[in-house]
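Engineer: I'm passing along run34.csv; it holds CSV, C-alpha atoms.
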chain,number,residue,atom,x,y,z
A,19,MET,CA,-42.4,84.9,22.4
A,20,SER,CA,-40.2,86.1,25.3
A,21,GLN,CA,-38.9,89.7,25.5
A,22,VAL,CA,-35.2,90.4,24.8
A,23,VAL,CA,-32.8,93.0,26.1
A,24,THR,CA,-29.9,94.0,24.0
A,25,PHE,CA,-26.6,95.3,25.5
A,26,ARG,CA,-23.3,96.7,24.2
A,27,LEU,CA,-20.1,97.2,26.1
A,28,SER,CA,-17.3,99.4,25.0
A,29,VAL,CA,-14.6,97.7,27.2
A,30,PRO,CA,-14.4,94.9,26.4
A,31,PRO,CA,-16.1,95.3,23.0
A,32,ILE,CA,-19.0,92.9,23.5
A,33,SER,CA,-22.6,93.0,22.4
A,34,GLY,CA,-25.4,90.6,22.7
A,35,VAL,CA,-29.0,89.8,23.6
A,36,LEU,CA,-30.4,88.8,27.0
A,37,ARG,CA,-33.7,87.0,27.5
A,38,PRO,CA,-34.8,87.6,31.1
A,39,ARG,CA,-37.6,84.9,30.9
A,40,LEU,CA,-35.1,82.3,29.7
A,41,ILE,CA,-32.7,83.2,32.5
A,42,LEU,CA,-35.5,82.9,35.1
A,43,VAL,CA,-36.5,79.5,33.6
A,44,CYS,CA,-33.0,78.2,33.8
A,45,LEU,CA,-32.7,79.2,37.4
A,46,ALA,CA,-36.1,77.7,38.4
A,47,VAL,CA,-35.4,74.4,36.6
A,48,ALA,CA,-31.9,74.2,38.1
A,49,ALA,CA,-33.4,74.7,41.6
A,50,ALA,CA,-36.0,72.0,40.9
A,51,ALA,CA,-33.3,69.6,39.7
A,52,PHE,CA,-31.2,70.3,42.7
A,53,LEU,CA,-34.1,69.6,45.0
A,54,ALA,CA,-34.8,66.3,43.2
A,55,PHE,CA,-31.1,65.5,43.4
A,56,CYS,CA,-31.0,66.0,47.2
A,57,LEU,CA,-34.3,64.1,47.8
A,58,GLY,CA,-33.0,61.2,45.8
A,59,ILE,CA,-29.8,61.1,47.9
A,60,GLY,CA,-32.0,61.2,51.1
A,61,LEU,CA,-34.0,58.0,50.1
A,62,GLY,CA,-32.8,54.7,51.3
A,63,GLU,CA,-32.8,52.2,54.2
A,64,VAL,CA,-31.5,55.1,56.4
A,65,PRO,CA,-33.6,58.1,55.4
A,66,LEU,CA,-31.8,61.5,55.5
A,67,GLY,CA,-33.3,64.9,55.7
A,68,LEU,CA,-32.5,67.7,53.2
A,69,GLY,CA,-30.3,69.5,55.8
A,70,GLU,CA,-28.2,66.3,56.4
A,71,VAL,CA,-27.8,65.8,52.7
A,72,VAL,CA,-26.7,69.3,51.9
A,73,GLY,CA,-24.4,69.4,54.9
A,74,SER,CA,-22.7,66.2,53.8
A,75,LEU,CA,-22.3,67.6,50.3
A,76,LEU,CA,-20.7,70.7,51.7
A,77,GLY,CA,-18.5,68.8,54.0
A,78,THR,CA,-20.1,69.9,57.3
A,79,GLY,CA,-22.0,66.7,58.3
A,80,ASP,CA,-20.8,63.9,60.6
A,81,GLN,CA,-18.5,61.1,59.1
A,82,GLY,CA,-21.2,58.4,59.1
A,83,THR,CA,-23.7,60.5,57.2
A,84,ALA,CA,-21.0,61.8,54.9
A,85,PHE,CA,-19.9,58.2,54.0
A,86,VAL,CA,-23.5,57.2,53.2
A,87,VAL,CA,-24.1,60.3,51.1
A,88,ARG,CA,-20.8,60.5,49.2
A,89,GLU,CA,-19.8,56.9,48.7
A,90,LEU,CA,-23.1,55.0,48.6
A,91,ARG,CA,-25.7,57.4,47.2
A,92,LEU,CA,-24.0,60.2,45.4
A,93,PRO,CA,-22.8,58.2,42.4
A,94,ARG,CA,-26.4,57.2,41.6
A,95,ALA,CA,-27.7,60.8,41.9
A,96,LEU,CA,-24.8,62.2,39.8
A,97,THR,CA,-25.3,59.6,37.1
A,98,GLY,CA,-29.0,60.6,36.8
A,99,LEU,CA,-28.1,64.3,36.9
A,100,LEU,CA,-25.4,64.2,34.3
A,101,ALA,CA,-27.2,61.7,32.0
A,102,GLY,CA,-30.3,63.9,32.1
A,103,ILE,CA,-28.2,67.0,31.1
A,104,ALA,CA,-26.7,64.9,28.2
A,105,PHE,CA,-30.0,63.7,27.0
A,106,GLY,CA,-31.6,67.2,27.1
A,107,LEU,CA,-28.7,68.9,25.3
A,108,SER,CA,-28.7,66.2,22.7
A,109,GLY,CA,-32.4,66.4,22.1
A,110,ALA,CA,-32.1,70.2,21.7
A,111,LEU,CA,-29.4,69.9,19.1
A,112,PHE,CA,-31.2,67.2,17.1
A,113,GLN,CA,-34.5,69.1,17.1
A,114,THR,CA,-33.0,72.4,16.2
A,115,MET,CA,-30.7,70.9,13.5
A,116,THR,CA,-33.5,69.0,11.8
A,117,ARG,CA,-36.2,71.7,12.4
A,118,ASN,CA,-38.4,68.9,13.6
A,119,PRO,CA,-39.8,68.6,17.2
A,120,LEU,CA,-40.1,64.8,16.8
A,121,ALA,CA,-36.3,64.4,16.1
A,122,SER,CA,-34.5,62.9,19.1
A,123,PRO,CA,-32.0,60.1,19.6
A,124,ASP,CA,-34.9,57.9,20.7
A,125,MET,CA,-36.7,58.4,17.4
A,126,ILE,CA,-33.9,58.2,14.8
A,127,GLY,CA,-32.0,55.1,15.8
A,128,VAL,CA,-29.1,56.5,17.8
A,129,THR,CA,-30.3,55.1,21.2
A,130,GLN,CA,-31.4,51.8,19.5
A,131,GLY,CA,-27.9,51.5,17.9
A,132,ALA,CA,-26.4,51.7,21.4
A,133,GLY,CA,-29.0,49.1,22.6
A,134,VAL,CA,-28.3,46.5,20.0
A,135,ALA,CA,-24.5,46.8,20.6
A,136,VAL,CA,-24.8,46.3,24.3
A,137,VAL,CA,-27.3,43.4,24.0
A,138,ALA,CA,-24.9,41.8,21.5
A,139,GLY,CA,-22.1,42.1,23.9
A,140,ILE,CA,-24.1,40.6,26.7
A,141,ALA,CA,-25.6,37.8,24.6
A,142,LEU,CA,-22.3,36.8,22.9
A,143,GLY,CA,-20.1,37.3,25.9
A,144,LEU,CA,-17.8,39.9,24.4
A,145,GLY,CA,-15.1,41.0,26.7
A,146,VAL,CA,-15.9,44.7,26.3
A,147,GLY,CA,-17.4,47.0,28.8
A,148,LEU,CA,-21.0,48.1,28.4
A,149,GLN,CA,-20.1,51.7,28.2
A,150,VAL,CA,-17.7,51.1,25.3
A,151,LEU,CA,-20.3,49.0,23.5
A,152,GLY,CA,-23.0,51.6,24.0
A,153,PHE,CA,-20.9,54.4,22.8
A,154,ALA,CA,-19.7,52.5,19.7
A,155,GLY,CA,-23.2,51.4,18.8
A,156,ALA,CA,-24.6,54.9,19.0
A,157,VAL,CA,-21.8,56.5,16.9
A,158,PHE,CA,-22.1,53.7,14.3
A,159,ALA,CA,-25.9,54.1,14.0
A,160,ALA,CA,-25.5,57.9,13.6
A,161,LEU,CA,-22.9,57.5,10.8
A,162,ILE,CA,-25.1,55.0,8.9
A,163,THR,CA,-28.1,57.3,9.2
A,164,TYR,CA,-26.1,60.3,7.9
A,165,LEU,CA,-24.6,58.4,5.0
A,166,LEU,CA,-28.0,56.9,3.9
A,167,ALA,CA,-29.6,60.4,4.2
A,168,TRP,CA,-27.0,61.9,1.9
A,169,ARG,CA,-28.4,62.9,-1.5
A,170,ARG,CA,-27.1,65.4,-4.1
A,171,GLY,CA,-24.3,66.8,-2.0
A,172,GLY,CA,-26.1,67.0,1.3
A,173,ALA,CA,-28.3,65.5,4.0
A,174,THR,CA,-31.4,67.4,5.0
A,175,GLY,CA,-33.1,67.3,8.4
A,176,ASN,CA,-36.2,65.5,7.0
A,177,ARG,CA,-34.1,62.8,5.4
A,178,ILE,CA,-32.1,62.2,8.6
A,179,VAL,CA,-35.4,61.8,10.5
A,180,LEU,CA,-37.0,59.4,8.0
A,181,VAL,CA,-33.8,57.3,7.6
A,182,GLY,CA,-33.3,57.3,11.3
A,183,ILE,CA,-36.8,56.0,12.0
A,184,GLY,CA,-36.2,53.1,9.6
A,185,LEU,CA,-32.8,52.3,11.2
A,186,SER,CA,-34.3,52.4,14.7
A,187,TRP,CA,-36.8,49.6,13.8
A,188,ILE,CA,-34.0,47.5,12.3
A,189,CYS,CA,-32.0,47.9,15.5
A,190,THR,CA,-35.0,47.1,17.6
A,191,SER,CA,-35.7,43.9,15.6
A,192,ALA,CA,-32.0,42.9,16.0
A,193,THR,CA,-32.2,43.5,19.7
A,194,GLU,CA,-35.3,41.4,20.1
A,195,TYR,CA,-33.7,38.6,18.1
A,196,LEU,CA,-30.6,38.6,20.4
A,197,MET,CA,-32.8,38.6,23.5
A,198,VAL,CA,-34.8,35.6,22.3
A,199,THR,CA,-31.7,33.6,21.3
A,200,SER,CA,-29.6,34.3,24.4
A,201,GLY,CA,-29.7,32.5,27.7
A,202,ASP,CA,-32.0,33.4,30.6
A,203,PHE,CA,-29.3,35.1,32.6
A,204,GLN,CA,-28.0,37.2,29.7
A,205,ALA,CA,-31.6,38.1,28.7
A,206,GLN,CA,-32.4,39.4,32.2
A,207,GLN,CA,-29.1,41.3,32.4
A,208,ALA,CA,-29.8,42.9,29.0
A,209,LEU,CA,-33.4,43.7,29.9
A,210,GLY,CA,-32.4,45.5,33.0
A,211,TRP,CA,-30.1,47.8,31.0
A,212,LEU,CA,-32.5,48.3,28.1
A,213,PHE,CA,-35.1,50.0,30.3
A,214,GLY,CA,-32.7,52.6,31.5
A,215,ASN,CA,-31.6,52.0,35.1
A,216,LEU,CA,-29.8,54.0,37.8
A,217,ASN,CA,-29.6,51.1,40.3
A,218,GLY,CA,-26.1,50.1,41.3
A,219,ARG,CA,-24.4,53.0,39.7
A,220,THR,CA,-20.8,53.7,41.0
A,221,TRP,CA,-18.1,56.2,40.4
A,222,ASP,CA,-17.0,54.1,37.4
A,223,HIS,CA,-20.2,55.2,35.7
A,224,VAL,CA,-19.9,58.8,36.8
A,225,MET,CA,-16.4,59.8,35.8
A,226,PRO,CA,-16.4,59.0,32.0
A,227,LEU,CA,-19.8,60.8,31.7
A,228,ALA,CA,-18.5,63.8,33.8
A,229,ILE,CA,-15.4,64.1,31.6
A,230,ALA,CA,-17.4,63.9,28.4
A,231,LEU,CA,-19.9,66.5,29.6
A,232,ALA,CA,-17.0,68.9,30.6
A,233,VAL,CA,-16.0,68.8,26.9
A,234,LEU,CA,-19.3,68.4,25.0
A,235,ALA,CA,-21.6,70.7,27.0
A,236,PRO,CA,-19.6,73.9,26.2
A,237,ALA,CA,-19.3,72.7,22.6
A,238,ALA,CA,-23.1,72.2,22.4
A,239,LEU,CA,-23.7,75.8,23.8
A,240,LEU,CA,-21.1,77.3,21.3
A,241,LEU,CA,-22.8,75.4,18.4
A,242,ALA,CA,-26.2,76.9,19.3
A,243,ARG,CA,-25.5,79.8,16.9
A,244,TRP,CA,-25.1,77.4,14.0
A,245,SER,CA,-28.2,75.5,15.0
A,246,GLN,CA,-30.3,78.7,15.1
A,247,VAL,CA,-29.1,79.6,11.6
A,248,LEU,CA,-30.2,76.2,10.3
A,249,GLN,CA,-33.6,76.9,11.7
A,250,LEU,CA,-34.0,79.4,8.9
A,251,GLY,CA,-33.7,76.7,6.2
A,252,ASP,CA,-30.8,75.5,4.2
A,253,GLU,CA,-31.1,78.1,1.4
A,254,LEU,CA,-31.2,81.1,3.7
A,255,ALA,CA,-28.4,79.6,5.8
A,256,VAL,CA,-26.2,79.4,2.8
A,257,VAL,CA,-27.0,83.0,1.8
A,258,LEU,CA,-25.9,84.0,5.4
A,259,GLY,CA,-22.6,82.3,4.9
A,260,ALA,CA,-23.2,79.3,7.1
A,261,PRO,CA,-21.4,76.0,6.2
A,262,VAL,CA,-24.6,74.0,6.2
A,263,GLN,CA,-23.3,70.5,5.7
A,264,LEU,CA,-20.4,71.0,8.1
A,265,ALA,CA,-22.6,72.6,10.7
A,266,ARG,CA,-25.2,69.8,10.4
A,267,LEU,CA,-22.5,67.0,10.6
A,268,THR,CA,-20.8,68.8,13.6
A,269,LEU,CA,-24.2,69.2,15.4
A,270,LEU,CA,-25.1,65.6,14.7
A,271,MET,CA,-21.9,64.1,16.0
A,272,THR,CA,-21.9,66.4,19.1
A,273,GLY,CA,-25.5,65.3,19.9
A,274,VAL,CA,-24.6,61.7,19.2
A,275,ALA,CA,-21.6,61.8,21.6
A,276,LEU,CA,-23.8,63.3,24.3
A,277,VAL,CA,-26.4,60.7,24.1
A,278,ALA,CA,-23.8,57.9,23.7
A,279,PHE,CA,-22.1,58.7,26.9
A,280,GLY,CA,-25.4,59.3,28.7
A,281,THR,CA,-26.8,56.0,27.4
A,282,ALA,CA,-23.6,54.1,28.3
A,283,ALA,CA,-23.9,55.3,31.9
A,284,ALA,CA,-27.6,55.1,32.6
A,285,GLY,CA,-29.0,53.0,29.7
A,286,PRO,CA,-31.5,54.2,27.1
A,287,VAL,CA,-33.8,56.3,29.3
A,288,ALA,CA,-36.8,56.8,27.0
A,289,PHE,CA,-38.3,60.1,25.9
A,290,VAL,CA,-36.0,62.4,27.9
A,291,ALA,CA,-34.3,63.7,24.8
A,292,LEU,CA,-37.7,64.2,23.1
A,293,SER,CA,-39.6,65.9,25.9
A,294,ALA,CA,-37.0,68.0,27.7
A,295,PRO,CA,-36.3,70.4,24.8
A,296,GLN,CA,-40.0,70.9,24.1
A,297,ILE,CA,-40.8,71.6,27.8
A,298,ALA,CA,-37.9,74.0,28.0
A,299,ARG,CA,-38.9,75.8,24.8
A,300,ARG,CA,-42.5,76.4,26.0
A,301,LEU,CA,-41.4,77.5,29.4
A,302,ALA,CA,-38.8,80.0,27.9
A,303,GLY,CA,-41.1,81.1,25.1
A,304,THR,CA,-38.4,80.8,22.5
A,305,ALA,CA,-38.7,79.8,18.8
A,306,TRP,CA,-36.3,76.9,19.2
A,307,PRO,CA,-35.3,74.6,22.1
A,308,PRO,CA,-32.8,76.5,24.3
A,309,PRO,CA,-29.8,74.2,24.9
A,310,LEU,CA,-29.0,75.1,28.6
A,311,ALA,CA,-32.7,75.0,29.7
A,312,SER,CA,-33.1,71.8,27.8
A,313,GLY,CA,-30.2,70.2,29.6
A,314,LEU,CA,-31.5,71.3,33.0
A,315,ALA,CA,-35.0,70.1,32.2
A,316,GLY,CA,-33.5,66.7,31.2
A,317,ALA,CA,-31.8,66.5,34.5
A,318,PHE,CA,-35.0,67.3,36.4
A,319,ILE,CA,-37.0,64.7,34.4
A,320,VAL,CA,-34.5,61.9,35.0
A,321,LEU,CA,-34.1,62.7,38.7
A,322,GLY,CA,-37.8,63.2,39.2
A,323,ALA,CA,-38.7,60.0,37.4
A,324,ASP,CA,-36.1,58.2,39.6
A,325,LEU,CA,-37.9,59.4,42.7
A,326,ILE,CA,-41.2,58.2,41.4
A,327,ALA,CA,-39.7,54.9,40.4
A,328,ARG,CA,-38.4,54.3,43.9
A,329,LEU,CA,-41.5,55.5,45.7
A,330,LEU,CA,-44.3,54.1,43.5
A,331,ILE,CA,-44.2,50.5,44.7
A,332,PRO,CA,-43.0,49.8,48.2
A,333,ASP,CA,-39.8,47.8,48.5
A,334,VAL,CA,-39.5,47.7,44.7
A,335,GLU,CA,-37.1,50.0,42.7
A,336,LEU,CA,-38.4,50.2,39.1
A,337,PRO,CA,-36.1,51.2,36.3
A,338,VAL,CA,-36.2,54.9,35.7
A,339,GLY,CA,-36.9,54.3,32.0
A,340,VAL,CA,-40.3,52.8,32.8
A,341,VAL,CA,-41.4,56.0,34.4
A,342,THR,CA,-40.0,58.3,31.7
A,343,GLY,CA,-41.6,56.1,29.1
A,344,ALA,CA,-45.0,56.4,30.7
A,345,LEU,CA,-44.7,60.2,31.1
A,346,GLY,CA,-43.1,60.7,27.7
A,347,ALA,CA,-45.6,58.8,25.6
A,348,PRO,CA,-48.4,61.4,26.0
A,349,ILE,CA,-46.0,64.1,25.0
A,350,LEU,CA,-45.1,62.2,21.9
A,351,LEU,CA,-48.8,61.8,21.0
A,352,TRP,CA,-49.4,65.5,21.6
A,353,LEU,CA,-46.5,66.5,19.3
A,354,LEU,CA,-47.8,64.2,16.6
A,355,ALA,CA,-51.2,65.8,16.9
A,356,ARG,CA,-49.7,69.3,16.6
A,357,THR,CA,-47.6,68.3,13.6
A,358,ARG,CA,-50.6,66.8,11.8
A,359,ARG,CA,-52.6,70.0,12.4
A,360,ARG,CA,-49.8,72.1,10.9
Any chance you could put this one into structure tokens?

Structural biologist:
Amino acid sequence: MSQVVTFRLSVPPISGVLRPRLILVCLAVAAAAFLAFCLGIGLGEVPLGLGEVVGSLLGTGDQGTAFVVRELRLPRALTGLLAGIAFGLSGALFQTMTRNPLASPDMIGVTQGAGVAVVAGIALGLGVGLQVLGFAGAVFAALITYLLAWRRGGATGNRIVLVGIGLSWICTSATEYLMVTSGDFQAQQALGWLFGNLNGRTWDHVMPLAIALAVLAPAALLLARWSQVLQLGDELAVVLGAPVQLARLTLLMTGVALVAFGTAAAGPVAFVALSAPQIARRLAGTAWPPPLASGLAGAFIVLGADLIARLLIPDVELPVGVVTGALGAPILLWLLARTRRR
């Protein structure tokens, strides 16, 4: 466990707790994410050095380099950065709310709900944008999970996880059926989205996600107090005066909105929401996944995986979800082994 430092100010009347190790972890992970962000912008047919990339971002580079950086490469890097933050924050909320390290949008049907909605839109030729379809599918899947998990005046974290796992397999089966029955062109288009992909991202993908994060990220950080109370168990949380069901529903919908916007922009990038909170928790030495560190860890994972996907095979840009899936699967097996031992 990390050490804490308490403080109290008379003017203004504020008191609180500081965790030096957590602050250092946030700074270190943020620096690593920024490095991966700049390296990703530098990759391309015209390689750019770190100095050129940073100079263009700060407005001090030449016009040609600035055009390549800001108009051609920056949207892709920003999409990966913002989507990673959204996935990491969402995973931290889900895992804290349910008191289960295996709970994440990938595991309880939210991501799969977005996937089946997008594939249905592609296969059936619906005149609706993929971002709208992904958002609607994620929200609908979360509401179904919460309603089916409701028993005797409430929905517990364990029931949400179990119902969500069942719903995820239903959505996966529906997605596979749509893929098989659709045409070759539609199947290829859907397959490229389903793996999670940053190729071809533009400012149209960045802006909705940036606006959503500007609203949802502060809300997720403010809701951290409720999520920490839920860590103590429903009975003790009620004794402490916490509105358990309202808190759980609010946390659930905030996490769903985060992953819905992230998935709509970058596709269902696998295992980021599962692994980022656990990595941040162990680096910070806290009893629960810290939201800010989890978001930064998610950004680093997505940006780092995108670098690997672009460099692994010459002249081939793999979808970023292929790399995160390969790296996240061992983390899932390790978490399963730890849960079984407990």

Engineer: Which is closest to A:Ile103 among A:Ala205, A:Ala160, A:Ala230, A:Ala302, if we use all atoms listed in the file?

Structural biologist: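 Closest to A:Ile103, using all atoms listed in the file: A:Ala230.
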
Engineer: With distances taken over only C-alpha atoms, which of A:Leu231, A:Ala132, A:Ala294, A:Leu96 is nearest to A:Ala282?

Structural biologist: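 Closest to A:Ala282 of all the choices is A:Ala132.
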
Engineer: Report the distance between atom CA of A:Phe105 and atom CA of A:Ala278 in Å, rounded to one decimal place.

Structural biologist: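 Distance between the two atoms: 9.1 Å.
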
Engineer: Could you list, as a PyMOL selection string, every residue within 9 Å of A:Leu276, counting only C-alpha atoms and ignoring same-chain residues fewer than 3 positions away?

Structural biologist: chain A and resi 101+103-105+107-108+227+230-231+234-235+271-273+279-281

Engineer: Can you write out as a tab-separated table which residues of stretch 153-228 of chain A fall within 10 Å of stretch 304-327 of chain A, alongside each residue's closest atom pair and its distance in Å to one decimal, counting all atoms listed in the file and ordering rows by chain and ascending residue number?

Structural biologist:
residue	atom	partner	partner_atom	distance
A:Asn215	CA	A:Asp324	CA	8.9
A:Leu216	CA	A:Asp324	CA	7.8
A:Asn217	CA	A:Asp324	CA	9.7
